Amino acid sequence: MSNDLFKHKAASYEQVNHRVANVENIANSILKRIRFKSTMNIMDFGSGTGLLLEKIAPFVDSITAVDISKSMNEQLDKKRTNLACEIEILELDLAKSRLNKTFDGIISSMTMHHIDDIQAMFNKFYSMLNKGGFIAIADLETENGSFHTEDTGVFHFGFDREELSNFAKVAGFNGVEVSSVSTVHKPYGDYPVLLLTATA
């Protein structure tokens with residue numbers, strides 16, 4: 001397994017106000033755009049400490065949390081008994097591995113910029129969804145590289161809206177929409193966040 005780039009920050013991850021506020025904005029936007037059902041089994045890609053999935057948990061049957069970071073998964077595991085649905089936590093690099101399961105939906109927050117081959121990941125998302133399943137993928141809009149002040153395996157300085165839409169369309173997704181849903185306010189700049197939604 002790869003070096004855990006979040007090991008030193010996992011325990012204090014949720015103590016950063018702008019991070020928590022951003023994920024709350026993303027979660028609220030997903031809840032407005034996606035019609036969740038109590039029978040759904042979804043995946044949270046890059047689940048981290050569970051900031052996003054804990055907001056979605058009351059509306060679904062189960063969530064498979066996938067993250068490469070052992071330390072982040074350990075923080076999520078501590079929340080397990082307080083989550084409003086069944087949860088499975090997998091320490092897995094989905095960019096390099098296959099997960100032989102299908103889902104009714106895939107959610108993700110601020111993870112795609114850590115993925116090298118974006119098209120390959122969208123293709124994989126499509127292959128992992130049940131017919132009519134959805135994706136709700138949030139990440140930074142194109143920025144100048146100043147968002148990250150440390151190396152946490154960053155491959156992309158955000159994404160252009162049209163570029164992001166095309167990745168989903170090429171993978172086979174329908175009804176692709178990209179919306180501005182949040183802004184991360186840091187001392188040295190404001191960083192817009194996009195949400196892409198689509199169906200398989």
# chains A, B, ... in the order shown; residues from 1 in each chain; ligands from 1
$ closest_atom_pairs --of "region 49-136 of chain A" --to "region 163-168 of chain A" --cutoff "8 Å" --atoms "only C-alpha atoms" --output "CSV"
residue,atom,partner,partner_atom,distance
A:Ile118,CA,A:Phe167,CA,7.2
A:Gln119,CA,A:Phe167,CA,5.4
A:Phe122,CA,A:Ala168,CA,6.0
A:Asn123,CA,A:Ala168,CA,7.9
$ residues_around --residues "Ala21 (chain A)" --least-positions-apart "5" --cutoff "12 Å" --atoms "only C-alpha atoms" --output "ChimeraX atom specification"
/A:14-16,26-28,51-52,181-186,193
$ write_last_selection --atoms "N, CA and C atoms" --output "PDB file, in the first residue's frame"
ATOM      1  N   GLU A  14     -10.798  17.186  10.969  1.00  0.00           N
ATOM      2  CA  GLU A  14     -12.098  17.846  11.070  1.00  0.00           C
ATOM      3  C   GLU A  14     -12.064  19.100  11.948  1.00  0.00           C
ATOM      4  N   GLN A  15     -10.883  19.517  12.364  1.00  0.00           N
ATOM      5  CA  GLN A  15     -10.754  20.724  13.165  1.00  0.00           C
ATOM      6  C   GLN A  15     -10.524  21.974  12.304  1.00  0.00           C
ATOM      7  N   VAL A  16     -10.461  21.774  10.992  1.00  0.00           N
ATOM      8  CA  VAL A  16     -10.259  22.891  10.062  1.00  0.00           C
ATOM      9  C   VAL A  16     -11.631  23.372   9.592  1.00  0.00           C
ATOM     10  N   ILE A  26     -21.190  20.890   0.007  1.00  0.00           N
ATOM     11  CA  ILE A  26     -21.236  19.832  -1.013  1.00  0.00           C
ATOM     12  C   ILE A  26     -22.353  18.844  -0.701  1.00  0.00           C
ATOM     13  N   ALA A  27     -22.435  18.419   0.546  1.00  0.00           N
ATOM     14  CA  ALA A  27     -23.465  17.448   0.950  1.00  0.00           C
ATOM     15  C   ALA A  27     -24.865  18.016   0.718  1.00  0.00           C
ATOM     16  N   ASN A  28     -25.076  19.260   1.102  1.00  0.00           N
ATOM     17  CA  ASN A  28     -26.390  19.877   0.913  1.00  0.00           C
ATOM     18  C   ASN A  28     -26.756  19.963  -0.566  1.00  0.00           C
ATOM     19  N   LEU A  51     -16.705  12.882   6.511  1.00  0.00           N
ATOM     20  CA  LEU A  51     -17.441  14.148   6.574  1.00  0.00           C
ATOM     21  C   LEU A  51     -18.636  14.169   5.618  1.00  0.00           C
ATOM     22  N   LEU A  52     -18.437  13.648   4.410  1.00  0.00           N
ATOM     23  CA  LEU A  52     -19.527  13.644   3.435  1.00  0.00           C
ATOM     24  C   LEU A  52     -20.526  12.525   3.707  1.00  0.00           C
ATOM     25  N   VAL A 181     -20.932  24.907  -6.219  1.00  0.00           N
ATOM     26  CA  VAL A 181     -21.678  24.575  -4.998  1.00  0.00           C
ATOM     27  C   VAL A 181     -21.029  25.079  -3.711  1.00  0.00           C
ATOM     28  N   SER A 182     -19.780  25.526  -3.791  1.00  0.00           N
ATOM     29  CA  SER A 182     -19.099  25.959  -2.574  1.00  0.00           C
ATOM     30  C   SER A 182     -17.886  26.800  -2.943  1.00  0.00           C
ATOM     31  N   THR A 183     -17.359  27.492  -1.949  1.00  0.00           N
ATOM     32  CA  THR A 183     -16.086  28.189  -2.090  1.00  0.00           C
ATOM     33  C   THR A 183     -15.282  27.960  -0.822  1.00  0.00           C
ATOM     34  N   VAL A 184     -14.060  27.487  -0.981  1.00  0.00           N
ATOM     35  CA  VAL A 184     -13.175  27.301   0.166  1.00  0.00           C
ATOM     36  C   VAL A 184     -12.426  28.607   0.398  1.00  0.00           C
ATOM     37  N   HIS A 185     -12.616  29.175   1.570  1.00  0.00           N
ATOM     38  CA  HIS A 185     -11.959  30.445   1.906  1.00  0.00           C
ATOM     39  C   HIS A 185     -10.698  30.159   2.719  1.00  0.00           C
ATOM     40  N   LYS A 186      -9.564  30.466   2.114  1.00  0.00           N
ATOM     41  CA  LYS A 186      -8.282  30.324   2.808  1.00  0.00           C
ATOM     42  C   LYS A 186      -7.653  31.709   2.946  1.00  0.00           C
ATOM     43  N   VAL A 193     -15.615  25.489  -5.780  1.00  0.00           N
ATOM     44  CA  VAL A 193     -15.761  24.031  -5.823  1.00  0.00           C
ATOM     45  C   VAL A 193     -16.929  23.673  -6.731  1.00  0.00           C
TER      46      VAL A 193
END
$ select_by_dssp --residues "chain A" --states "helix (DSSP H, G or I)" --output "PyMOL selection string"
chain A and resi 13-15+17-33+53-59+70-82+112-114+118-127+161-171
$ atom_distance --atom1 "CA of Asp67 (chain A)" --atom2 "CA of Phe155 (chain A)"
16.7 Å
$ residues_around --residues "Tyr126 (chain A)" --least-positions-apart "2" --cutoff "8 Å" --atoms "only C-alpha atoms" --output "list in words"
Phe122, Asn123, Lys124, Met128, Leu129, Ala171, Gly172, Phe173 and Ala200 of chain A
$ closest_residue --among "A:Ala198, A:Ala138, A:Met110, A:Met40" --to "Asp61 (chain A)" --atoms "only C-alpha atoms"
A:Met40
$ select_by_dssp --residues "region 11-196 of chain A" --states "strand (DSSP E)" --output "ChimeraX atom specification"
/A:41-45,62-67,86-91,103-109,129-140,174-186,189-196
$ closest_residue --among "A:His148, A:Lys101, A:Lys70, A:Lys78" --to "Tyr188 (chain A)" --atoms "only C-alpha atoms"
A:His148
